[in-house]
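Structure first, then comments.
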Amino acid sequence: MISSRSTAAGRTLRAVRDTPAPVTCGLIALCCVIFALGPASGLVPGYGTGDALLAAQRAYFRRWGVVPAELFDGPAGAALTPATALFVHGSWVHLLGNMLFLFVFGAMTEERMGRVEFTLFYVGCGCGALLGYAAANATSGQSLVGASGAVSAVLGAFLYLFPRARVTSLLPFLFFLPLRFPAWIVLPCWAALQWLAAERAPDGPGVAYLAHLVGFGLGFGYAWVRYGRTTRVKDAPAPVTEGERQP
C-alpha cells in the first residue's frame, strides 16, 4: 500500500514538473489540498457538523487568515498571515473561481516570467494586496482569506504582457454566449466592475473587492516596470470564463 502511494505521488510530481507551467499547477494543487483538509470543505468528519463545524471554520479562518485589527497591533505571529491567507479559501465556489482564473491566466504569465520570478511575483503581490486591504480597513475584526489578490495580480500582469490575446467571456445579458474579445477590453472591464463593487460594498463580511483592485494594480505595475514596452507580446490565445465571487 505504501509503495503504491509513493509511486502515485511520484507520477503526480513528475507530471507537474513536466508541464509548461509547473508553478501554476503546483499552486492550484496546493490550494486544493489545503482546502480539502480544512473545515470549509466539509470533507473531514473530525470538525463535526452544525454549530461545531461553524465554530471550527471561524477559528480556522481567524488563525490562518488576515485580521486587519490584529495585523498592525496584535501578536507577532499575525505578521505571517498575509502569506498563509493566500492558500486558504472559504468555500468550494471561492476555491474553484480563483483556481479557474489562475489556471487560465497563470500558465502564460509563468512561461513569460520564468518559474522563480513568477513564484516570487505571485506571493509578493498577493501579500501586498492583502496588506493594502488591511491598511484601508485597519479596525476590522473580520478574517480575510483567499488567493484573489494574487490571482488579480496575475490578471494585471497578463494585461500588460499580452494585451491583444483574445479571451473567451460569458456575458449574462447575452444569454451566456461565449464571445472572444482582446484582453485589453476584457480585463479593464473586469477591473472597472471590481471598482464599482468596492464602492458599493457594505461593511462587514463579504467580497474584498479592494484586495482585487490592489492586486491588479500591483501586477500591472510590476510588469510595466520589469519588462517595459519592448517586451510585450502582441498576440497569444487564452480562454477565460466570467467572474469570481469571493476574495
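Identifiers in the C-alpha cells: chain A, B, ... in order shown; residue index from 1 per chain; ligand index from 1 in order shown.
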For Gly106 of chain A, please output as a tab-separated table (two decimals) with all heavy atoms, in the first residue's frame all residues within 9 Å (counting only C-alpha atoms; exclusion window: fewer than 4 positions along the same chain).
chain	number	residue	atom	x	y	z
A	21	ALA	N	3.82	24.90	-17.22
A	21	ALA	CA	3.63	25.84	-16.12
A	21	ALA	C	3.57	25.09	-14.80
A	21	ALA	O	2.51	25.01	-14.17
A	21	ALA	CB	2.38	26.67	-16.34
A	23	VAL	N	4.69	25.77	-11.78
A	23	VAL	CA	4.38	26.57	-10.59
A	23	VAL	C	2.88	26.81	-10.51
A	23	VAL	O	2.27	26.67	-9.44
A	23	VAL	CB	5.15	27.90	-10.61
A	23	VAL	CG1	4.71	28.79	-9.44
A	23	VAL	CG2	6.65	27.65	-10.54
A	24	THR	N	2.28	27.17	-11.62
A	24	THR	CA	0.82	27.38	-11.65
A	24	THR	C	0.08	26.12	-11.23
A	24	THR	O	-0.82	26.16	-10.39
A	24	THR	CB	0.37	27.82	-13.05
A	24	THR	OG1	0.99	29.07	-13.38
A	24	THR	CG2	-1.14	27.98	-13.11
A	25	CYS	N	0.46	24.99	-11.80
A	25	CYS	CA	-0.18	23.72	-11.44
A	25	CYS	C	0.08	23.37	-9.98
A	25	CYS	O	-0.82	22.87	-9.29
A	25	CYS	CB	0.32	22.60	-12.35
A	25	CYS	SG	-0.15	22.77	-14.08
A	101	PHE	N	-9.34	31.04	-12.72
A	101	PHE	CA	-8.64	32.21	-13.25
A	101	PHE	C	-7.12	32.00	-13.23
A	101	PHE	O	-6.42	32.41	-14.16
A	101	PHE	CB	-9.02	33.45	-12.44
A	101	PHE	CG	-10.20	34.17	-12.98
A	101	PHE	CD1	-11.47	33.61	-12.91
A	101	PHE	CD2	-10.07	35.42	-13.56
A	101	PHE	CE1	-12.57	34.28	-13.41
A	101	PHE	CE2	-11.17	36.10	-14.07
A	101	PHE	CZ	-12.42	35.52	-14.00
A	102	LEU	N	-6.61	31.38	-12.17
A	102	LEU	CA	-5.18	31.13	-12.10
A	102	LEU	C	-4.74	30.18	-13.20
A	102	LEU	O	-3.69	30.38	-13.83
A	102	LEU	CB	-4.81	30.56	-10.73
A	102	LEU	CG	-3.34	30.22	-10.50
A	102	LEU	CD1	-2.46	31.45	-10.72
A	102	LEU	CD2	-3.14	29.65	-9.10
A	110	GLU	N	3.42	32.72	-16.26
A	110	GLU	CA	4.57	31.99	-15.72
A	110	GLU	C	5.59	31.70	-16.80
A	110	GLU	O	6.81	31.85	-16.59
A	110	GLU	CB	4.11	30.68	-15.09
A	110	GLU	CG	5.26	29.84	-14.56
A	110	GLU	CD	4.81	28.47	-14.07
A	110	GLU	OE1	3.59	28.27	-13.85
A	110	GLU	OE2	5.69	27.60	-13.93
A	111	GLU	N	5.13	31.27	-17.96
A	111	GLU	CA	6.05	30.97	-19.06
A	111	GLU	C	6.84	32.22	-19.47
A	111	GLU	O	8.02	32.13	-19.80
A	111	GLU	CB	5.27	30.42	-20.24
A	111	GLU	CG	6.15	29.93	-21.38
A	111	GLU	CD	5.35	29.28	-22.49
A	111	GLU	OE1	4.10	29.23	-22.38
A	111	GLU	OE2	5.96	28.83	-23.47
A	118	PHE	N	8.03	34.10	-11.28
A	118	PHE	CA	6.57	34.03	-11.17
A	118	PHE	C	6.16	33.66	-9.75
A	118	PHE	O	5.18	34.22	-9.21
A	118	PHE	CB	6.02	33.00	-12.15
A	118	PHE	CG	4.52	32.85	-12.09
A	118	PHE	CD1	3.69	33.81	-12.66
A	118	PHE	CD2	3.94	31.76	-11.45
A	118	PHE	CE1	2.30	33.67	-12.60
A	118	PHE	CE2	2.57	31.63	-11.39
A	118	PHE	CZ	1.75	32.59	-11.96
A	151	VAL	N	-4.21	36.28	-7.62
A	151	VAL	CA	-4.74	35.98	-8.94
A	151	VAL	C	-5.03	37.27	-9.70
A	151	VAL	O	-4.78	37.36	-10.92
A	151	VAL	CB	-6.01	35.12	-8.82
A	151	VAL	CG1	-6.67	34.93	-10.18
A	151	VAL	CG2	-5.68	33.77	-8.20
A	154	VAL	N	-1.94	38.45	-11.25
A	154	VAL	CA	-1.66	37.72	-12.48
A	154	VAL	C	-2.45	38.31	-13.64
A	154	VAL	O	-1.93	38.45	-14.75
A	154	VAL	CB	-1.99	36.22	-12.29
A	154	VAL	CG1	-1.86	35.47	-13.61
A	154	VAL	CG2	-1.07	35.60	-11.24
A	155	LEU	N	-3.71	38.67	-13.39
A	155	LEU	CA	-4.52	39.30	-14.45
A	155	LEU	C	-3.90	40.62	-14.89
A	155	LEU	O	-3.87	40.93	-16.09
A	155	LEU	CB	-5.95	39.54	-13.95
A	155	LEU	CG	-6.77	38.33	-13.50
A	155	LEU	CD1	-8.20	38.75	-13.20
A	155	LEU	CD2	-6.76	37.25	-14.54
A	158	PHE	N	-0.84	39.90	-16.94
A	158	PHE	CA	-1.27	39.34	-18.22
A	158	PHE	C	-1.74	40.46	-19.15
A	158	PHE	O	-1.42	40.45	-20.35
A	158	PHE	CB	-2.39	38.33	-17.99
A	158	PHE	CG	-2.81	37.58	-19.24
A	158	PHE	CD1	-2.30	36.32	-19.50
A	158	PHE	CD2	-3.73	38.12	-20.12
A	158	PHE	CE1	-2.68	35.63	-20.65
A	158	PHE	CE2	-4.12	37.44	-21.27
A	158	PHE	CZ	-3.59	36.18	-21.53
Legend entry - Residue among A:Leu187, A:Leu196, A:Leu161, A:Ala79 lying closest to Trp224 of chain A, counting only C-alpha atoms: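 Of A:Leu187, A:Leu196, A:Leu161, A:Ala79, the one nearest Trp224 of chain A is A:Leu161, counting only C-alpha atoms.
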Legend entry - Atom-to-atom span, atom CA of Phe105 of chain A and atom CA of Gly65 of chain A, Å: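 Here the two named atoms are 24.8 Å from each other.
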Any chance you could tabulate, as a tab-separated table, the residues of segment 10-106 of chain A at most 12 Å from segment 209-221 of chain A with each one's nearest atom pair and distance in Å to one decimal, using only C-alpha atoms, in chain and rising number order?
residue	atom	partner	partner_atom	distance
A:Val66	CA	A:Ala211	CA	11.8
A:Pro82	CA	A:Ala211	CA	11.7
A:Leu86	CA	A:Ala211	CA	11.7
A:Asn98	CA	A:His212	CA	11.3
A:Gly106	CA	A:Gly219	CA	12.0
Could you list, as an mmCIF file with N, CA, C and O atoms, in the first residue's frame, every residue within 10 Å of Leu80 of chain A, counting only C-alpha atoms and ignoring same-chain residues fewer than 3 positions away?
data_model
loop_
_atom_site.group_PDB
_atom_site.id
_atom_site.type_symbol
_atom_site.label_atom_id
_atom_site.label_comp_id
_atom_site.auth_asym_id
_atom_site.auth_seq_id
_atom_site.Cartn_x
_atom_site.Cartn_y
_atom_site.Cartn_z
ATOM 1 N N TRP A 64 -5.475 31.428 10.359
ATOM 2 C CA TRP A 64 -4.661 31.459 9.145
ATOM 3 C C TRP A 64 -4.956 32.641 8.238
ATOM 4 O O TRP A 64 -4.180 32.907 7.312
ATOM 5 N N GLY A 65 -6.058 33.343 8.472
ATOM 6 C CA GLY A 65 -6.405 34.490 7.634
ATOM 7 C C GLY A 65 -5.864 35.792 8.200
ATOM 8 O O GLY A 65 -5.306 35.838 9.297
ATOM 9 N N VAL A 66 -6.043 36.852 7.426
ATOM 10 C CA VAL A 66 -5.613 38.196 7.834
ATOM 11 C C VAL A 66 -6.746 38.868 8.589
ATOM 12 O O VAL A 66 -7.852 39.020 8.058
ATOM 13 N N LEU A 71 -3.353 42.602 12.644
ATOM 14 C CA LEU A 71 -2.153 42.592 11.815
ATOM 15 C C LEU A 71 -1.180 43.695 12.212
ATOM 16 O O LEU A 71 0.038 43.476 12.262
ATOM 17 N N ALA A 76 2.882 38.872 17.322
ATOM 18 C CA ALA A 76 3.893 38.860 16.261
ATOM 19 C C ALA A 76 3.550 37.870 15.156
ATOM 20 O O ALA A 76 3.855 38.103 13.981
ATOM 21 N N GLY A 77 2.897 36.773 15.504
ATOM 22 C CA GLY A 77 2.544 35.772 14.508
ATOM 23 C C GLY A 77 1.592 36.282 13.446
ATOM 24 O O GLY A 77 1.518 35.709 12.350
ATOM 25 N N ALA A 83 0.794 35.693 4.141
ATOM 26 C CA ALA A 83 1.315 34.581 3.346
ATOM 27 C C ALA A 83 0.442 33.340 3.483
ATOM 28 O O ALA A 83 0.179 32.637 2.500
ATOM 29 N N THR A 84 -0.032 33.057 4.688
ATOM 30 C CA THR A 84 -0.856 31.856 4.870
ATOM 31 C C THR A 84 -2.258 32.038 4.293
ATOM 32 O O THR A 84 -2.841 31.083 3.772
ATOM 33 N N ALA A 85 -2.784 33.258 4.358
ATOM 34 C CA ALA A 85 -4.143 33.501 3.866
ATOM 35 C C ALA A 85 -4.269 33.263 2.376
ATOM 36 O O ALA A 85 -5.367 32.986 1.876
ATOM 37 N N CYS A 127 0.475 39.024 -1.114
ATOM 38 C CA CYS A 127 0.623 39.596 0.233
ATOM 39 C C CYS A 127 0.398 41.103 0.202
ATOM 40 O O CYS A 127 -0.223 41.667 1.107
#
Inset, instruction - Would you list the contacts of Phe35 of chain A as a list in words, taking every protein, DNA or RNA residue within 12 Å and counting only C-alpha atoms, but skipping same-chain residues closer than 6 positions in sequence? - result: Ile28, Ala29, Ser41, Gly42, Leu43, Val44, Gln57, Tyr60, Phe61, Ala85, Leu86, Phe87, Val88, His89, Gly90, Ser91, Trp92, Val93, His94, Leu95, Leu96, Met99, Val145, Gly146 and Ala147 of chain A
Inset, instruction - Rank A:Ala150, A:Ile34, A:Leu159, A:Ala223 by their smallest atom-to-atom distance to Thr119 of chain A, using only C-alpha atoms, and report the top residue only. - result: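 Closest to Thr119 of chain A, using only C-alpha atoms: A:Ala150.
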Inset, instruction - Could you tell me which of A:Trp195, A:Tyr227, A:Phe162, A:Tyr222 comes closest to Gly128 of chain A if we count only C-alpha atoms? - result: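 Ranking A:Trp195, A:Tyr227, A:Phe162, A:Tyr222 by distance to Gly128 of chain A, first place goes to A:Tyr222.
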What residues in segment 49-209 of chain A get the DSSP label strand (DSSP E)? Please answer as a PDB file with all heavy atoms, in the first residue's frame.
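out-v3.pdb written:
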ATOM      1  N   ARG A 166      -6.710  37.097 -27.272  1.00  0.00           N
ATOM      2  CA  ARG A 166      -8.171  37.027 -27.306  1.00  0.00           C
ATOM      3  C   ARG A 166      -8.654  36.017 -26.274  1.00  0.00           C
ATOM      4  O   ARG A 166      -8.207  34.875 -26.249  1.00  0.00           O
ATOM      5  CB  ARG A 166      -8.657  36.662 -28.707  1.00  0.00           C
ATOM      6  CG  ARG A 166      -8.208  37.660 -29.769  1.00  0.00           C
ATOM      7  CD  ARG A 166      -8.837  37.378 -31.104  1.00  0.00           C
ATOM      8  NE  ARG A 166     -10.260  37.680 -31.094  1.00  0.00           N
ATOM      9  CZ  ARG A 166     -10.770  38.906 -31.273  1.00  0.00           C
ATOM     10  NH1 ARG A 166      -9.959  39.943 -31.460  1.00  0.00           N
ATOM     11  NH2 ARG A 166     -12.065  39.102 -31.264  1.00  0.00           N
ATOM     12  N   VAL A 167      -9.551  36.459 -25.425  1.00  0.00           N
ATOM     13  CA  VAL A 167     -10.065  35.615 -24.347  1.00  0.00           C
ATOM     14  C   VAL A 167     -11.556  35.443 -24.510  1.00  0.00           C
ATOM     15  O   VAL A 167     -12.254  36.323 -25.020  1.00  0.00           O
ATOM     16  CB  VAL A 167      -9.739  36.225 -22.958  1.00  0.00           C
ATOM     17  CG1 VAL A 167      -8.252  36.295 -22.748  1.00  0.00           C
ATOM     18  CG2 VAL A 167     -10.355  37.603 -22.819  1.00  0.00           C
ATOM     19  N   THR A 168     -12.051  34.300 -24.089  1.00  0.00           N
ATOM     20  CA  THR A 168     -13.478  33.988 -24.208  1.00  0.00           C
ATOM     21  C   THR A 168     -14.193  34.400 -22.933  1.00  0.00           C
ATOM     22  O   THR A 168     -13.795  34.024 -21.832  1.00  0.00           O
ATOM     23  CB  THR A 168     -13.683  32.482 -24.450  1.00  0.00           C
ATOM     24  OG1 THR A 168     -13.004  32.108 -25.647  1.00  0.00           O
ATOM     25  CG2 THR A 168     -15.168  32.166 -24.591  1.00  0.00           C
ATOM     26  N   SER A 169     -15.257  35.184 -23.076  1.00  0.00           N
ATOM     27  CA  SER A 169     -16.046  35.646 -21.936  1.00  0.00           C
ATOM     28  C   SER A 169     -17.490  35.190 -22.100  1.00  0.00           C
ATOM     29  O   SER A 169     -18.021  35.130 -23.222  1.00  0.00           O
ATOM     30  CB  SER A 169     -16.003  37.176 -21.827  1.00  0.00           C
ATOM     31  OG  SER A 169     -14.694  37.619 -21.613  1.00  0.00           O
ATOM     32  N   LEU A 170     -18.124  34.888 -20.981  1.00  0.00           N
ATOM     33  CA  LEU A 170     -19.539  34.528 -20.968  1.00  0.00           C
ATOM     34  C   LEU A 170     -20.315  35.699 -20.387  1.00  0.00           C
ATOM     35  O   LEU A 170     -20.169  36.028 -19.220  1.00  0.00           O
ATOM     36  CB  LEU A 170     -19.767  33.267 -20.130  1.00  0.00           C
ATOM     37  CG  LEU A 170     -18.984  32.026 -20.570  1.00  0.00           C
ATOM     38  CD1 LEU A 170     -19.268  30.863 -19.629  1.00  0.00           C
ATOM     39  CD2 LEU A 170     -19.332  31.649 -22.000  1.00  0.00           C
ATOM     40  N   LEU A 171     -21.141  36.338 -21.217  1.00  0.00           N
ATOM     41  CA  LEU A 171     -21.859  37.536 -20.802  1.00  0.00           C
ATOM     42  C   LEU A 171     -23.297  37.190 -20.441  1.00  0.00           C
ATOM     43  O   LEU A 171     -24.063  36.719 -21.291  1.00  0.00           O
ATOM     44  CB  LEU A 171     -21.845  38.575 -21.935  1.00  0.00           C
ATOM     45  CG  LEU A 171     -20.444  38.967 -22.436  1.00  0.00           C
ATOM     46  CD1 LEU A 171     -20.560  39.971 -23.572  1.00  0.00           C
ATOM     47  CD2 LEU A 171     -19.599  39.520 -21.298  1.00  0.00           C
ATOM     48  N   LEU A 177     -23.622  33.604 -24.006  1.00  0.00           N
ATOM     49  CA  LEU A 177     -22.974  33.210 -25.249  1.00  0.00           C
ATOM     50  C   LEU A 177     -21.471  33.446 -25.134  1.00  0.00           C
ATOM     51  O   LEU A 177     -21.039  34.511 -24.705  1.00  0.00           O
ATOM     52  CB  LEU A 177     -23.528  34.030 -26.423  1.00  0.00           C
ATOM     53  CG  LEU A 177     -24.987  33.762 -26.816  1.00  0.00           C
ATOM     54  CD1 LEU A 177     -25.410  34.720 -27.926  1.00  0.00           C
ATOM     55  CD2 LEU A 177     -25.165  32.329 -27.276  1.00  0.00           C
ATOM     56  N   PRO A 178     -20.646  32.470 -25.514  1.00  0.00           N
ATOM     57  CA  PRO A 178     -19.189  32.663 -25.441  1.00  0.00           C
ATOM     58  C   PRO A 178     -18.710  33.583 -26.562  1.00  0.00           C
ATOM     59  O   PRO A 178     -18.858  33.265 -27.742  1.00  0.00           O
ATOM     60  CB  PRO A 178     -18.641  31.241 -25.600  1.00  0.00           C
ATOM     61  CG  PRO A 178     -19.695  30.509 -26.362  1.00  0.00           C
ATOM     62  CD  PRO A 178     -21.018  31.114 -25.950  1.00  0.00           C
ATOM     63  N   LEU A 179     -18.169  34.717 -26.203  1.00  0.00           N
ATOM     64  CA  LEU A 179     -17.662  35.685 -27.163  1.00  0.00           C
ATOM     65  C   LEU A 179     -16.197  35.961 -26.884  1.00  0.00           C
ATOM     66  O   LEU A 179     -15.774  36.005 -25.735  1.00  0.00           O
ATOM     67  CB  LEU A 179     -18.460  36.997 -27.078  1.00  0.00           C
ATOM     68  CG  LEU A 179     -19.968  36.885 -27.333  1.00  0.00           C
ATOM     69  CD1 LEU A 179     -20.632  38.235 -27.114  1.00  0.00           C
ATOM     70  CD2 LEU A 179     -20.231  36.389 -28.750  1.00  0.00           C
ATOM     71  N   ARG A 180     -15.417  36.162 -27.938  1.00  0.00           N
ATOM     72  CA  ARG A 180     -13.981  36.372 -27.788  1.00  0.00           C
ATOM     73  C   ARG A 180     -13.655  37.845 -27.978  1.00  0.00           C
ATOM     74  O   ARG A 180     -14.034  38.463 -28.965  1.00  0.00           O
ATOM     75  CB  ARG A 180     -13.203  35.511 -28.786  1.00  0.00           C
ATOM     76  CG  ARG A 180     -13.328  34.025 -28.495  1.00  0.00           C
ATOM     77  CD  ARG A 180     -12.565  33.191 -29.511  1.00  0.00           C
ATOM     78  NE  ARG A 180     -11.133  33.391 -29.443  1.00  0.00           N
ATOM     79  CZ  ARG A 180     -10.345  32.844 -28.542  1.00  0.00           C
ATOM     80  NH1 ARG A 180     -10.843  32.054 -27.605  1.00  0.00           N
ATOM     81  NH2 ARG A 180      -9.048  33.061 -28.544  1.00  0.00           N
ATOM     82  N   PHE A 181     -12.932  38.397 -26.988  1.00  0.00           N
ATOM     83  CA  PHE A 181     -12.506  39.784 -27.030  1.00  0.00           C
ATOM     84  C   PHE A 181     -11.026  39.855 -26.680  1.00  0.00           C
ATOM     85  O   PHE A 181     -10.493  38.994 -25.983  1.00  0.00           O
ATOM     86  CB  PHE A 181     -13.299  40.629 -26.025  1.00  0.00           C
ATOM     87  CG  PHE A 181     -14.775  40.688 -26.296  1.00  0.00           C
ATOM     88  CD1 PHE A 181     -15.646  39.883 -25.579  1.00  0.00           C
ATOM     89  CD2 PHE A 181     -15.286  41.547 -27.246  1.00  0.00           C
ATOM     90  CE1 PHE A 181     -17.004  39.935 -25.809  1.00  0.00           C
ATOM     91  CE2 PHE A 181     -16.645  41.600 -27.491  1.00  0.00           C
ATOM     92  CZ  PHE A 181     -17.509  40.797 -26.768  1.00  0.00           C
ATOM     93  N   PRO A 182     -10.339  40.919 -27.116  1.00  0.00           N
ATOM     94  CA  PRO A 182      -8.940  41.100 -26.693  1.00  0.00           C
ATOM     95  C   PRO A 182      -8.855  41.335 -25.189  1.00  0.00           C
ATOM     96  O   PRO A 182      -9.774  41.871 -24.569  1.00  0.00           O
ATOM     97  CB  PRO A 182      -8.495  42.341 -27.479  1.00  0.00           C
ATOM     98  CG  PRO A 182      -9.463  42.481 -28.597  1.00  0.00           C
ATOM     99  CD  PRO A 182     -10.772  41.927 -28.088  1.00  0.00           C
TER     100      PRO A 182
END
Legend entry - Residues flagged helix (DSSP H, G or I) by DSSP in segment 79-150 of chain A, as a VMD selection string: chain A and resid 79 to 85 92 to 113 115 to 136 148 to 150
Next, write the just-selected residues to a file, as a compact mmCIF listing (two decimals), in the first residue's frame, keeping N, CA and C atoms as the atom set.
# COMPACT_ATOMS: atom_id res chain seq x y z
N ALA A 79 1.90 38.75 11.66
CA ALA A 79 2.64 39.28 10.51
C ALA A 79 2.80 38.23 9.41
N LEU A 80 2.65 36.96 9.75
CA LEU A 80 2.79 35.90 8.76
C LEU A 80 1.49 35.58 8.05
N THR A 81 0.38 36.09 8.54
CA THR A 81 -0.91 35.69 8.00
C THR A 81 -1.15 36.12 6.55
N PRO A 82 -0.56 37.23 6.04
CA PRO A 82 -0.77 37.51 4.61
C PRO A 82 -0.26 36.39 3.71
N ALA A 83 0.79 35.69 4.14
CA ALA A 83 1.31 34.58 3.35
C ALA A 83 0.44 33.34 3.48
N THR A 84 -0.03 33.06 4.69
CA THR A 84 -0.86 31.86 4.87
C THR A 84 -2.26 32.04 4.29
N ALA A 85 -2.78 33.26 4.36
CA ALA A 85 -4.14 33.50 3.87
C ALA A 85 -4.27 33.26 2.38
N TRP A 92 -16.28 26.11 -1.66
CA TRP A 92 -15.95 25.48 -2.94
C TRP A 92 -16.01 26.48 -4.08
N VAL A 93 -17.02 27.34 -4.08
CA VAL A 93 -17.15 28.34 -5.15
C VAL A 93 -15.96 29.30 -5.12
N HIS A 94 -15.58 29.72 -3.93
CA HIS A 94 -14.43 30.60 -3.75
C HIS A 94 -13.17 29.96 -4.32
N LEU A 95 -12.92 28.71 -3.95
CA LEU A 95 -11.73 27.99 -4.42
C LEU A 95 -11.74 27.82 -5.94
N LEU A 96 -12.84 27.29 -6.47
CA LEU A 96 -12.90 26.96 -7.89
C LEU A 96 -12.81 28.22 -8.76
N GLY A 97 -13.43 29.32 -8.31
CA GLY A 97 -13.35 30.56 -9.06
C GLY A 97 -11.92 31.05 -9.16
N ASN A 98 -11.21 31.08 -8.04
CA ASN A 98 -9.83 31.53 -8.06
C ASN A 98 -8.93 30.62 -8.87
N MET A 99 -9.09 29.31 -8.70
CA MET A 99 -8.22 28.38 -9.40
C MET A 99 -8.48 28.37 -10.90
N LEU A 100 -9.71 28.62 -11.31
CA LEU A 100 -10.01 28.71 -12.74
C LEU A 100 -9.26 29.88 -13.37
N PHE A 101 -9.34 31.04 -12.72
CA PHE A 101 -8.64 32.21 -13.25
C PHE A 101 -7.12 32.00 -13.23
N LEU A 102 -6.61 31.38 -12.17
CA LEU A 102 -5.18 31.13 -12.10
C LEU A 102 -4.74 30.18 -13.20
N PHE A 103 -5.52 29.15 -13.45
CA PHE A 103 -5.19 28.18 -14.50
C PHE A 103 -5.18 28.84 -15.87
N VAL A 104 -6.17 29.68 -16.14
CA VAL A 104 -6.30 30.30 -17.46
C VAL A 104 -5.20 31.31 -17.72
N PHE A 105 -4.95 32.19 -16.76
CA PHE A 105 -4.02 33.29 -16.98
C PHE A 105 -2.62 33.02 -16.43
N GLY A 106 -2.50 32.08 -15.49
CA GLY A 106 -1.21 31.87 -14.85
C GLY A 106 -0.19 31.20 -15.74
N ALA A 107 -0.62 30.25 -16.58
CA ALA A 107 0.34 29.47 -17.37
C ALA A 107 1.15 30.36 -18.30
N MET A 108 0.50 31.22 -19.06
CA MET A 108 1.21 32.08 -20.00
C MET A 108 2.06 33.10 -19.26
N THR A 109 1.56 33.61 -18.15
CA THR A 109 2.34 34.59 -17.38
C THR A 109 3.57 33.93 -16.78
N GLU A 110 3.42 32.72 -16.26
CA GLU A 110 4.57 31.99 -15.72
C GLU A 110 5.59 31.70 -16.80
N GLU A 111 5.13 31.27 -17.96
CA GLU A 111 6.05 30.97 -19.06
C GLU A 111 6.84 32.22 -19.47
N ARG A 112 6.18 33.37 -19.43
CA ARG A 112 6.86 34.61 -19.81
C ARG A 112 7.86 35.05 -18.74
N MET A 113 7.48 34.93 -17.46
CA MET A 113 8.34 35.40 -16.37
C MET A 113 9.42 34.40 -15.99
N ARG A 115 9.89 30.44 -13.79
CA ARG A 115 9.30 29.80 -12.62
C ARG A 115 9.59 30.55 -11.32
N VAL A 116 10.86 30.87 -11.11
CA VAL A 116 11.24 31.51 -9.84
C VAL A 116 10.63 32.89 -9.74
N GLU A 117 10.75 33.68 -10.80
CA GLU A 117 10.21 35.04 -10.76
C GLU A 117 8.70 35.02 -10.59
N PHE A 118 8.03 34.10 -11.28
CA PHE A 118 6.57 34.03 -11.17
C PHE A 118 6.16 33.66 -9.75
N THR A 119 6.88 32.75 -9.11
CA THR A 119 6.56 32.37 -7.73
C THR A 119 6.68 33.56 -6.80
N LEU A 120 7.80 34.29 -6.90
CA LEU A 120 8.01 35.46 -6.05
C LEU A 120 6.98 36.54 -6.36
N PHE A 121 6.68 36.72 -7.62
CA PHE A 121 5.67 37.70 -8.04
C PHE A 121 4.30 37.36 -7.45
N TYR A 122 3.91 36.11 -7.56
CA TYR A 122 2.59 35.68 -7.09
C TYR A 122 2.45 35.90 -5.58
N VAL A 123 3.44 35.42 -4.82
CA VAL A 123 3.36 35.54 -3.37
C VAL A 123 3.50 37.00 -2.94
N GLY A 124 4.45 37.72 -3.55
CA GLY A 124 4.67 39.11 -3.16
C GLY A 124 3.47 40.00 -3.44
N CYS A 125 2.91 39.89 -4.64
CA CYS A 125 1.75 40.73 -4.97
C CYS A 125 0.51 40.29 -4.19
N GLY A 126 0.39 38.98 -3.94
CA GLY A 126 -0.74 38.51 -3.14
C GLY A 126 -0.70 39.05 -1.73
N CYS A 127 0.47 39.02 -1.11
CA CYS A 127 0.62 39.60 0.23
C CYS A 127 0.40 41.10 0.20
N GLY A 128 0.90 41.76 -0.85
CA GLY A 128 0.70 43.20 -0.97
C GLY A 128 -0.76 43.58 -1.08
N ALA A 129 -1.53 42.77 -1.81
CA ALA A 129 -2.97 43.04 -1.95
C ALA A 129 -3.69 42.90 -0.61
N LEU A 130 -3.34 41.87 0.15
CA LEU A 130 -3.95 41.68 1.46
C LEU A 130 -3.55 42.79 2.42
N LEU A 131 -2.29 43.21 2.37
CA LEU A 131 -1.84 44.30 3.22
C LEU A 131 -2.54 45.61 2.85
N GLY A 132 -2.75 45.84 1.55
CA GLY A 132 -3.45 47.04 1.13
C GLY A 132 -4.88 47.08 1.64
N TYR A 133 -5.56 45.93 1.58
CA TYR A 133 -6.92 45.87 2.11
C TYR A 133 -6.91 46.09 3.61
N ALA A 134 -5.98 45.44 4.31
CA ALA A 134 -5.91 45.57 5.77
C ALA A 134 -5.62 47.00 6.19
N ALA A 135 -4.75 47.69 5.45
CA ALA A 135 -4.44 49.08 5.79
C ALA A 135 -5.65 49.99 5.62
N ALA A 136 -6.48 49.70 4.63
CA ALA A 136 -7.67 50.52 4.40
C ALA A 136 -8.80 50.17 5.37
N SER A 148 -7.41 35.64 -4.16
CA SER A 148 -7.92 36.58 -5.15
C SER A 148 -6.96 37.73 -5.43
N GLY A 149 -6.28 38.25 -4.39
CA GLY A 149 -5.34 39.33 -4.61
C GLY A 149 -4.20 38.90 -5.50
N ALA A 150 -3.65 37.70 -5.25
CA ALA A 150 -2.56 37.18 -6.07
C ALA A 150 -3.03 36.89 -7.49
Inset, instruction - Fewer than 5 positions away in the same chain doesn't count, so skip those; otherwise give me all residues within 9 Å of Ile185 of chain A, counting only C-alpha atoms, as a ChimeraX atom specification. - result: /A:163-164,190
Inset, instruction - Go ahead and compute the interatomic distance for atom CA of Leu53 of chain A and atom CA of Ala208 of chain A, in Å to one decimal. - result: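 Answer for the atom CA of Leu53 of chain A to atom CA of Ala208 of chain A separation: 23.6 Å.
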